[in-house]
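Visitor: Input structure: my_file_9.pdb, which contains PDB, C-alpha atoms.
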ATOM      1  CA  MET A 228     -16.589  10.193 -18.385
ATOM      2  CA  LYS A 229     -19.288   9.941 -15.712
ATOM      3  CA  LEU A 230     -18.225  10.340 -12.105
ATOM      4  CA  HIS A 231     -18.787   6.703 -11.100
ATOM      5  CA  GLU A 232     -16.780   5.654 -14.186
ATOM      6  CA  VAL A 233     -13.809   7.680 -12.904
ATOM      7  CA  ASP A 234     -13.948   5.701  -9.650
ATOM      8  CA  ALA A 235     -14.144   2.386 -11.527
ATOM      9  CA  ALA A 236     -11.212   3.382 -13.768
ATOM     10  CA  ALA A 237      -9.090   4.451 -10.779
ATOM     11  CA  TRP A 238      -9.587   1.120  -9.041
ATOM     12  CA  ALA A 239      -8.989  -0.794 -12.277
ATOM     13  CA  ASP A 240      -5.644   1.039 -12.519
ATOM     14  CA  LEU A 241      -4.803   0.094  -8.917
ATOM     15  CA  GLU A 242      -5.701  -3.554  -9.592
ATOM     16  CA  LEU A 243      -3.444  -3.535 -12.647
ATOM     17  CA  ALA A 244      -0.603  -2.010 -10.600
ATOM     18  CA  GLY A 245      -0.686  -5.046  -8.325
ATOM     19  CA  LYS A 246      -0.063  -7.301 -11.321
ATOM     20  CA  ASP A 247       2.186  -5.150 -13.518
ATOM     21  CA  PRO A 248       5.625  -4.212 -12.131
ATOM     22  CA  ASN A 249       5.876  -1.506 -14.822
ATOM     23  CA  SER A 250       2.676   0.288 -13.820
ATOM     24  CA  GLY A 251       3.055   3.934 -12.855
ATOM     25  CA  LEU A 252       1.033   3.136  -9.718
ATOM     26  CA  ARG A 253       3.122   0.125  -8.613
ATOM     27  CA  TYR A 254       5.008   2.133  -5.972
ATOM     28  CA  VAL A 255       2.831   4.084  -3.547
ATOM     29  CA  ASN A 256       3.466   6.097  -0.405
ATOM     30  CA  LEU A 257       2.168   4.665   2.854
ATOM     31  CA  CYS A 258       1.646   7.524   5.288
ATOM     32  CA  SER A 259       1.306   6.878   9.011
ATOM     33  CA  VAL A 260       1.962   8.725  12.258
ATOM     34  CA  ASP A 261       4.901   7.965  14.561
ATOM     35  CA  PRO A 262       4.698   7.821  18.384
ATOM     36  CA  ASN A 263       5.616  11.523  18.607
ATOM     37  CA  GLY A 264       2.707  12.517  16.373
ATOM     38  CA  HIS A 265       4.913  13.235  13.355
ATOM     39  CA  PRO A 266       3.644  12.170   9.937
ATOM     40  CA  GLN A 267       5.766   9.528   8.226
ATOM     41  CA  ALA A 268       5.714   8.577   4.553
ATOM     42  CA  ARG A 269       7.563   5.815   2.794
ATOM     43  CA  LEU A 270       7.491   4.223  -0.618
ATOM     44  CA  VAL A 271       6.082   0.674  -0.658
ATOM     45  CA  VAL A 272       5.143  -1.802  -3.366
ATOM     46  CA  LEU A 273       1.441  -2.184  -4.077
ATOM     47  CA  ARG A 274       1.163  -5.992  -4.166
ATOM     48  CA  SER A 275      -2.545  -6.253  -4.969
ATOM     49  CA  ALA A 276      -5.728  -4.201  -4.988
ATOM     50  CA  ASP A 277      -9.389  -5.176  -5.041
ATOM     51  CA  ALA A 278     -11.904  -2.735  -6.508
ATOM     52  CA  LYS A 279     -14.902  -4.531  -5.041
ATOM     53  CA  THR A 280     -13.700  -4.370  -1.428
ATOM     54  CA  ARG A 281     -11.587  -1.170  -1.877
ATOM     55  CA  THR A 282      -8.533  -2.839  -0.402
ATOM     56  CA  ILE A 283      -4.798  -2.778  -1.050
ATOM     57  CA  GLU A 284      -2.185  -5.314   0.073
ATOM     58  CA  ILE A 285       1.287  -4.183   1.121
ATOM     59  CA  HIS A 286       4.134  -6.377   2.410
ATOM     60  CA  THR A 287       6.546  -5.293   5.114
ATOM     61  CA  ASP A 288       9.141  -6.376   7.629
ATOM     62  CA  THR A 289       7.474  -6.690  11.042
ATOM     63  CA  ARG A 290      10.569  -5.169  12.678
ATOM     64  CA  SER A 291      10.020  -1.891  10.801
ATOM     65  CA  GLN A 292       8.790   1.406  12.206
ATOM     66  CA  LYS A 293       5.791   1.383   9.853
ATOM     67  CA  TRP A 294       4.643  -1.948  11.320
ATOM     68  CA  ARG A 295       4.681  -0.471  14.832
ATOM     69  CA  GLU A 296       3.072   2.785  13.697
ATOM     70  CA  VAL A 297       0.179   1.000  11.968
ATOM     71  CA  GLY A 298      -0.291  -1.147  15.079
ATOM     72  CA  ALA A 299      -0.541   1.932  17.299
ATOM     73  CA  ASN A 300      -2.684   3.982  14.904
ATOM     74  CA  PRO A 301      -4.359   2.151  12.010
ATOM     75  CA  SER A 302      -5.577   5.384  10.358
ATOM     76  CA  VAL A 303      -3.309   5.780   7.336
ATOM     77  CA  THR A 304      -3.175   7.341   3.904
ATOM     78  CA  VAL A 305      -1.946   5.713   0.715
ATOM     79  CA  LEU A 306      -0.754   8.190  -1.910
ATOM     80  CA  ALA A 307      -0.183   7.205  -5.525
ATOM     81  CA  PHE A 308       0.749   9.242  -8.580
ATOM     82  CA  ASP A 309       0.777   8.126 -12.193
ATOM     83  CA  PRO A 310       3.006  10.625 -14.041
ATOM     84  CA  ALA A 311       2.008   9.328 -17.485
ATOM     85  CA  ARG A 312      -1.630  10.248 -16.855
ATOM     86  CA  GLY A 313      -1.099  13.099 -14.412
ATOM     87  CA  GLN A 314      -3.387  11.419 -11.881
ATOM     88  CA  GLN A 315      -3.009  11.437  -8.119
ATOM     89  CA  PHE A 316      -4.915   9.046  -5.863
ATOM     90  CA  ARG A 317      -5.011   9.910  -2.173
ATOM     91  CA  LEU A 318      -6.724   7.075  -0.329
ATOM     92  CA  ARG A 319      -7.672   7.454   3.321
ATOM     93  CA  GLY A 320      -8.667   4.522   5.453
ATOM     94  CA  THR A 321      -7.527   1.958   7.964
ATOM     95  CA  ALA A 322      -4.805  -0.645   7.945
ATOM     96  CA  GLU A 323      -4.831  -4.005   9.620
ATOM     97  CA  ARG A 324      -1.711  -6.022  10.286
ATOM     98  CA  HIS A 325      -1.416  -9.712   9.497
ATOM     99  CA  ASP A 326       1.404 -11.227  11.520
ATOM    100  CA  PRO A 327       3.940 -13.813  10.342
ATOM    101  CA  GLY A 328       2.274 -17.204  10.153
ATOM    102  CA  SER A 329      -1.234 -15.803   9.755
ATOM    103  CA  PRO A 330      -3.182 -17.228   6.793
ATOM    104  CA  LEU A 331      -2.898 -13.994   4.771
ATOM    105  CA  ALA A 332       0.835 -13.599   5.450
ATOM    106  CA  THR A 333       1.515 -17.283   4.712
ATOM    107  CA  ASP A 334      -0.345 -17.090   1.411
ATOM    108  CA  ALA A 335       1.484 -13.885   0.428
ATOM    109  CA  TRP A 336       4.865 -15.393   1.431
ATOM    110  CA  ASP A 337       4.239 -18.441  -0.726
ATOM    111  CA  ARG A 338       3.761 -16.169  -3.778
ATOM    112  CA  LEU A 339       7.079 -14.316  -3.323
ATOM    113  CA  SER A 340      10.198 -14.978  -5.355
ATOM    114  CA  PRO A 341      13.284 -16.296  -3.522
ATOM    115  CA  TRP A 342      15.028 -12.947  -4.106
ATOM    116  CA  THR A 343      12.166 -11.016  -2.484
ATOM    117  CA  ARG A 344      12.009 -13.467   0.426
ATOM    118  CA  ALA A 345      15.702 -12.864   1.107
ATOM    119  CA  THR A 346      15.046  -9.145   1.672
ATOM    120  CA  TYR A 347      13.216 -10.036   4.903
ATOM    121  CA  ALA A 348      16.133 -12.069   6.256
ATOM    122  CA  GLY A 349      18.624  -9.241   6.732
ATOM    123  CA  GLY A 350      19.036  -7.085   9.802
ATOM    124  CA  PRO A 351      16.196  -4.959  11.188
ATOM    125  CA  PRO A 352      15.187  -2.012   8.946
ATOM    126  CA  GLY A 353      16.858   1.243   9.931
ATOM    127  CA  GLU A 354      19.693  -0.467  11.840
ATOM    128  CA  PRO A 355      23.349  -0.490  10.766
ATOM    129  CA  PRO A 356      24.175  -3.429   8.451
ATOM    130  CA  THR A 357      25.883  -6.521   9.833
ATOM    131  CA  ASP A 358      27.162  -9.774   8.390
ATOM    132  CA  GLU A 359      23.538 -10.980   8.309
ATOM    133  CA  ARG A 360      23.400  -9.970   4.630
ATOM    134  CA  HIS A 361      25.375 -13.078   3.660
ATOM    135  CA  VAL A 362      23.168 -15.307   5.800
ATOM    136  CA  ALA A 363      20.077 -13.678   4.274
ATOM    137  CA  THR A 364      20.964 -14.713   0.747
ATOM    138  CA  GLU A 365      21.693 -18.320   1.746
ATOM    139  CA  HIS A 366      18.856 -18.907   4.215
ATOM    140  CA  GLY A 367      16.230 -16.327   3.215
ATOM    141  CA  ASP A 368      13.227 -18.598   3.533
ATOM    142  CA  ALA A 369      13.979 -19.904   7.002
ATOM    143  CA  ILE A 370      14.986 -16.554   8.488
ATOM    144  CA  GLY A 371      12.838 -14.128   6.511
ATOM    145  CA  LYS A 372       9.434 -15.736   7.011
ATOM    146  CA  VAL A 373       9.386 -14.888  10.729
ATOM    147  CA  ASN A 374       9.853 -11.186   9.842
ATOM    148  CA  PHE A 375       7.279 -11.039   7.051
ATOM    149  CA  GLY A 376       3.938  -9.350   7.584
ATOM    150  CA  VAL A 377       1.109  -8.010   5.456
ATOM    151  CA  ILE A 378      -0.582  -4.643   5.824
ATOM    152  CA  PHE A 379      -4.103  -4.843   4.480
ATOM    153  CA  PHE A 380      -5.440  -1.338   3.762
ATOM    154  CA  ARG A 381      -9.180  -0.661   3.457
ATOM    155  CA  ALA A 382     -10.078   2.657   1.825
ATOM    156  CA  SER A 383     -12.912   4.789   3.151
ATOM    157  CA  GLU A 384     -12.210   7.660   0.730
ATOM    158  CA  LEU A 385     -10.474   8.284  -2.557
ATOM    159  CA  ASP A 386      -9.451  11.867  -3.275
ATOM    160  CA  TRP A 387      -8.849  11.671  -7.037
ATOM    161  CA  PHE A 388      -6.992  14.494  -8.780
ATOM    162  CA  GLN A 389      -6.381  14.930 -12.516
ATOM    163  CA  LEU A 390      -3.530  17.290 -13.304
ATOM    164  CA  GLN A 391      -4.143  18.768 -16.738
ATOM    165  CA  ARG A 392      -3.119  22.212 -17.968
ATOM    166  CA  GLY A 393      -6.137  24.489 -17.772
ATOM    167  CA  ALA A 394      -8.496  21.660 -16.810
ATOM    168  CA  ASN A 395      -7.459  20.261 -13.405
ATOM    169  CA  ARG A 396     -10.205  18.150 -11.898
ATOM    170  CA  ARG A 397     -10.763  16.762  -8.390
ATOM    171  CA  LEU A 398     -13.335  14.251  -7.162
ATOM    172  CA  MET A 399     -13.967  12.757  -3.731
ATOM    173  CA  PHE A 400     -15.345   9.214  -3.522
ATOM    174  CA  SER A 401     -16.577   7.818  -0.196
ATOM    175  CA  TYR A 402     -17.017   4.126   0.516
ATOM    176  CA  GLY A 403     -19.234   2.416   3.042
ATOM    177  CA  SER A 404     -19.447  -1.061   4.435
ATOM    178  CA  GLY A 405     -17.955  -3.705   2.169
ATOM    179  CA  GLY A 406     -16.456  -1.094  -0.168
ATOM    180  CA  LYS A 407     -19.743   0.146  -1.584
ATOM    181  CA  LEU A 408     -19.543   3.578  -3.233
ATOM    182  CA  VAL A 409     -21.840   5.789  -1.123
ATOM    183  CA  ASP A 410     -20.960   9.352  -2.168
ATOM    184  CA  ILE A 411     -19.274  11.282  -4.957
ATOM    185  CA  ARG A 412     -18.430  14.987  -4.745
ATOM    186  CA  GLU A 413     -16.719  17.229  -7.235
ATOM    187  CA  LEU A 414     -14.297  19.617  -5.518
ATOM    188  CA  ASN A 415     -12.302  22.637  -6.560
ATOM    189  CA  PRO A 416      -8.793  21.487  -7.396
TER     190      PRO A 416
END
Show me, as structure tokens, the structure contained in the file I just sent.
Guide:
Amino acid sequence: MKLHEVDAAAWADLELAGKDPNSGLRYVNLCSVDPNGHPQARLVVLRSADAKTRTIEIHTDTRSQKWREVGANPSVTVLAFDPARGQQFRLRGTAERHDPGSPLATDAWDRLSPWTRATYAGGPPGEPPTDERHVATEHGDAIGKVNFGVIFFRASELDWFQLQRGANRRLMFSYGSGGKLVDIRELNP
């Protein structure tokens, strides 16, 4: 496979992960930096990806630490691993937040199932649970929507790694304005 075809295949896999809940790339790690300079990683659901613009959409509760961390420092990494293929995608880039009520967040909210909407109606992430769980299931839409935000990640690099006995392979793809592929380098694994 030619180098640019590897890039196209990687992004096609990411696009599929946004549509297929059973994809090995559906759950990715969003890595940010906390106020003390410590790296933080958490598993999030890849909701959609766009190969043309090199973007990924992630949903989150705006009361979460990750929301604040991305607001303070938008330089983040998204790490994905597909165990079936032995492929790791480490994407570096920037994240932009779309607040509750913004057009992007409203559109994303409208596409969510009632069960998923209810997850945003409970107490603040990382806090001890309260009786709000009962309220969340009954009034998820009304309460949850004000806590729902979208993190829109734009990749500037893809560090692609193929784990294969005796034939590991690593490629670095760099993207310019509008997601255009501007550089490909083969690296030692």
Visitor: Step by step, work through what the PyMOL selection byres ((chain A and resi 244) around 10) selects in the shown file, and finish by giving those residues as a ChimeraX atom specification.
Guide: /A:238-243,245-255,272-276
Visitor: Limited to C-alpha atoms, could you put the picked residues into a file as a PDB file, keeping the file's coordinate frame?
Guide:
ATOM      1  CA  TRP A 238      -9.587   1.120  -9.041  1.00  0.00           C
ATOM      2  CA  ALA A 239      -8.989  -0.794 -12.277  1.00  0.00           C
ATOM      3  CA  ASP A 240      -5.644   1.039 -12.519  1.00  0.00           C
ATOM      4  CA  LEU A 241      -4.803   0.094  -8.917  1.00  0.00           C
ATOM      5  CA  GLU A 242      -5.701  -3.554  -9.592  1.00  0.00           C
ATOM      6  CA  LEU A 243      -3.444  -3.535 -12.647  1.00  0.00           C
ATOM      7  CA  GLY A 245      -0.686  -5.046  -8.325  1.00  0.00           C
ATOM      8  CA  LYS A 246      -0.063  -7.301 -11.321  1.00  0.00           C
ATOM      9  CA  ASP A 247       2.186  -5.150 -13.518  1.00  0.00           C
ATOM     10  CA  PRO A 248       5.625  -4.212 -12.131  1.00  0.00           C
ATOM     11  CA  ASN A 249       5.876  -1.506 -14.822  1.00  0.00           C
ATOM     12  CA  SER A 250       2.676   0.288 -13.820  1.00  0.00           C
ATOM     13  CA  GLY A 251       3.055   3.934 -12.855  1.00  0.00           C
ATOM     14  CA  LEU A 252       1.033   3.136  -9.718  1.00  0.00           C
ATOM     15  CA  ARG A 253       3.122   0.125  -8.613  1.00  0.00           C
ATOM     16  CA  TYR A 254       5.008   2.133  -5.972  1.00  0.00           C
ATOM     17  CA  VAL A 255       2.831   4.084  -3.547  1.00  0.00           C
ATOM     18  CA  VAL A 272       5.143  -1.802  -3.366  1.00  0.00           C
ATOM     19  CA  LEU A 273       1.441  -2.184  -4.077  1.00  0.00           C
ATOM     20  CA  ARG A 274       1.163  -5.992  -4.166  1.00  0.00           C
ATOM     21  CA  SER A 275      -2.545  -6.253  -4.969  1.00  0.00           C
ATOM     22  CA  ALA A 276      -5.728  -4.201  -4.988  1.00  0.00           C
TER      23      ALA A 276
END
Visitor: Between CA of Trp387 (chain A) and CA of Ser302 (chain A), what is the distance, to one decimal in Å?
Guide: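 About the pair CA of Trp387 (chain A) and CA of Ser302 (chain A): they are 18.8 Å apart.
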Visitor: For the structure shown, which residues end up in the PyMOL selection byres ((chain A and resi 314-321) around 6)? Put them as a VMD selection string, please?
Guide: chain A and resid 301 to 309 312 to 313 322 380 to 389
Visitor: Could you write out that same residue set with C-alpha atoms as a PDB file, in the coordinates of the input?
Guide:
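What landed in result.pdb:
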ATOM      1  CA  PRO A 301      -4.359   2.151  12.010  1.00  0.00           C
ATOM      2  CA  SER A 302      -5.577   5.384  10.358  1.00  0.00           C
ATOM      3  CA  VAL A 303      -3.309   5.780   7.336  1.00  0.00           C
ATOM      4  CA  THR A 304      -3.175   7.341   3.904  1.00  0.00           C
ATOM      5  CA  VAL A 305      -1.946   5.713   0.715  1.00  0.00           C
ATOM      6  CA  LEU A 306      -0.754   8.190  -1.910  1.00  0.00           C
ATOM      7  CA  ALA A 307      -0.183   7.205  -5.525  1.00  0.00           C
ATOM      8  CA  PHE A 308       0.749   9.242  -8.580  1.00  0.00           C
ATOM      9  CA  ASP A 309       0.777   8.126 -12.193  1.00  0.00           C
ATOM     10  CA  ARG A 312      -1.630  10.248 -16.855  1.00  0.00           C
ATOM     11  CA  GLY A 313      -1.099  13.099 -14.412  1.00  0.00           C
ATOM     12  CA  ALA A 322      -4.805  -0.645   7.945  1.00  0.00           C
ATOM     13  CA  PHE A 380      -5.440  -1.338   3.762  1.00  0.00           C
ATOM     14  CA  ARG A 381      -9.180  -0.661   3.457  1.00  0.00           C
ATOM     15  CA  ALA A 382     -10.078   2.657   1.825  1.00  0.00           C
ATOM     16  CA  SER A 383     -12.912   4.789   3.151  1.00  0.00           C
ATOM     17  CA  GLU A 384     -12.210   7.660   0.730  1.00  0.00           C
ATOM     18  CA  LEU A 385     -10.474   8.284  -2.557  1.00  0.00           C
ATOM     19  CA  ASP A 386      -9.451  11.867  -3.275  1.00  0.00           C
ATOM     20  CA  TRP A 387      -8.849  11.671  -7.037  1.00  0.00           C
ATOM     21  CA  PHE A 388      -6.992  14.494  -8.780  1.00  0.00           C
ATOM     22  CA  GLN A 389      -6.381  14.930 -12.516  1.00  0.00           C
TER      23      GLN A 389
END
Visitor: Padding of 4 Å on every side, edges along x, y and z, all listed atoms of region 270-276 of chain A included: what centre and edge lengths in Å, to one decimal, does that box have, as lines of an AutoDock Vina configuration file?
Guide:
center_x = 0.9
center_y = -1.0
center_z = -2.8
size_x = 21.2
size_y = 18.5
size_z = 12.4
Visitor: Since I can't run it myself right now, could you work out what the PyMOL selection byres ((chain A and resi 396) around 9) selects here and report it as a list of chain:residue names?
Guide: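 Answer for the PyMOL selection byres ((chain A and resi 396) around 9): A:Trp387, A:Phe388, A:Gln389, A:Leu390, A:Gln391, A:Ala394, A:Asn395, A:Arg397, A:Leu398, A:Glu413, A:Leu414, A:Asn415, A:Pro416.
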Visitor: Work out how far apart CA of Arg281 (chain A) and CA of Val377 (chain A) are and give it in Å to one decimal.
Guide: 16.2 Å
Visitor: Give me, please, the distance in Å between CA of Gly376 (chain A) and CA of Gln267 (chain A), quoted to one decimal.
Guide: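 CA of Gln267 (chain A) lies at a distance of 19.0 Å from CA of Gly376 (chain A).
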Visitor: Given all atoms listed in the file as the basis, pick out the residue of A:Val271, A:Ser291, A:Lys279, A:His231 nearest to Gly353 (chain A).
Guide: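 Once distances to Gly353 (chain A) are computed over all atoms listed in the file, the minimum belongs to A:Ser291.
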Visitor: Smallest atom-to-atom distance to Ala345 (chain A): which of A:Ala268, A:Ile285, A:Val373, A:Cys258, using only C-alpha atoms?
Guide: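 Closest to Ala345 (chain A) of all the choices is A:Val373.
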Visitor: Could you pull out every residue with an atom within 6 Å of (-16.8, 13.3, -1.5), file coordinates, counting only C-alpha atoms, and send them as a PyMOL selection string?
Guide: chain A and resi 399-401+410-412
Visitor: Restore N, CA and C atoms in region 365-382 of chain A and list the result as a PDB file, keeping the file's coordinate frame.
Guide:
ATOM      1  N   GLU A 365      21.624 -16.860   1.710  1.00  0.00           N
ATOM      2  CA  GLU A 365      21.693 -18.320   1.746  1.00  0.00           C
ATOM      3  C   GLU A 365      20.498 -18.977   2.436  1.00  0.00           C
ATOM      4  N   HIS A 366      19.915 -18.303   3.399  1.00  0.00           N
ATOM      5  CA  HIS A 366      18.856 -18.907   4.215  1.00  0.00           C
ATOM      6  C   HIS A 366      17.632 -17.998   4.302  1.00  0.00           C
ATOM      7  N   GLY A 367      17.311 -17.306   3.223  1.00  0.00           N
ATOM      8  CA  GLY A 367      16.230 -16.327   3.215  1.00  0.00           C
ATOM      9  C   GLY A 367      14.891 -16.866   3.660  1.00  0.00           C
ATOM     10  N   ASP A 368      14.528 -18.041   3.179  1.00  0.00           N
ATOM     11  CA  ASP A 368      13.227 -18.598   3.533  1.00  0.00           C
ATOM     12  C   ASP A 368      13.093 -18.839   5.026  1.00  0.00           C
ATOM     13  N   ALA A 369      14.067 -19.523   5.596  1.00  0.00           N
ATOM     14  CA  ALA A 369      13.979 -19.904   7.002  1.00  0.00           C
ATOM     15  C   ALA A 369      14.001 -18.688   7.922  1.00  0.00           C
ATOM     16  N   ILE A 370      14.835 -17.715   7.616  1.00  0.00           N
ATOM     17  CA  ILE A 370      14.986 -16.554   8.488  1.00  0.00           C
ATOM     18  C   ILE A 370      13.933 -15.491   8.176  1.00  0.00           C
ATOM     19  N   GLY A 371      13.709 -15.232   6.908  1.00  0.00           N
ATOM     20  CA  GLY A 371      12.838 -14.128   6.511  1.00  0.00           C
ATOM     21  C   GLY A 371      11.375 -14.299   6.851  1.00  0.00           C
ATOM     22  N   LYS A 372      10.872 -15.496   6.808  1.00  0.00           N
ATOM     23  CA  LYS A 372       9.434 -15.736   7.011  1.00  0.00           C
ATOM     24  C   LYS A 372       8.951 -15.250   8.377  1.00  0.00           C
ATOM     25  N   VAL A 373       9.799 -15.332   9.392  1.00  0.00           N
ATOM     26  CA  VAL A 373       9.386 -14.888  10.729  1.00  0.00           C
ATOM     27  C   VAL A 373       9.328 -13.365  10.846  1.00  0.00           C
ATOM     28  N   ASN A 374       9.866 -12.652   9.847  1.00  0.00           N
ATOM     29  CA  ASN A 374       9.853 -11.186   9.842  1.00  0.00           C
ATOM     30  C   ASN A 374       8.841 -10.612   8.857  1.00  0.00           C
ATOM     31  N   PHE A 375       8.136 -11.471   8.152  1.00  0.00           N
ATOM     32  CA  PHE A 375       7.279 -11.039   7.051  1.00  0.00           C
ATOM     33  C   PHE A 375       5.831 -10.836   7.516  1.00  0.00           C
ATOM     34  N   GLY A 376       5.326  -9.647   7.261  1.00  0.00           N
ATOM     35  CA  GLY A 376       3.938  -9.350   7.584  1.00  0.00           C
ATOM     36  C   GLY A 376       3.242  -8.670   6.426  1.00  0.00           C
ATOM     37  N   VAL A 377       1.927  -8.644   6.483  1.00  0.00           N
ATOM     38  CA  VAL A 377       1.109  -8.010   5.456  1.00  0.00           C
ATOM     39  C   VAL A 377       0.304  -6.894   6.098  1.00  0.00           C
ATOM     40  N   ILE A 378       0.307  -5.743   5.446  1.00  0.00           N
ATOM     41  CA  ILE A 378      -0.582  -4.643   5.824  1.00  0.00           C
ATOM     42  C   ILE A 378      -1.709  -4.643   4.805  1.00  0.00           C
ATOM     43  N   PHE A 379      -2.903  -4.793   5.313  1.00  0.00           N
ATOM     44  CA  PHE A 379      -4.103  -4.843   4.480  1.00  0.00           C
ATOM     45  C   PHE A 379      -4.841  -3.536   4.696  1.00  0.00           C
ATOM     46  N   PHE A 380      -4.851  -2.678   3.683  1.00  0.00           N
ATOM     47  CA  PHE A 380      -5.440  -1.338   3.762  1.00  0.00           C
ATOM     48  C   PHE A 380      -6.846  -1.355   3.180  1.00  0.00           C
ATOM     49  N   ARG A 381      -7.788  -0.765   3.915  1.00  0.00           N
ATOM     50  CA  ARG A 381      -9.180  -0.661   3.457  1.00  0.00           C
ATOM     51  C   ARG A 381      -9.524   0.825   3.317  1.00  0.00           C
ATOM     52  N   ALA A 382      -9.803   1.248   2.093  1.00  0.00           N
ATOM     53  CA  ALA A 382     -10.078   2.657   1.825  1.00  0.00           C
ATOM     54  C   ALA A 382     -11.495   3.047   2.236  1.00  0.00           C
TER      55      ALA A 382
END
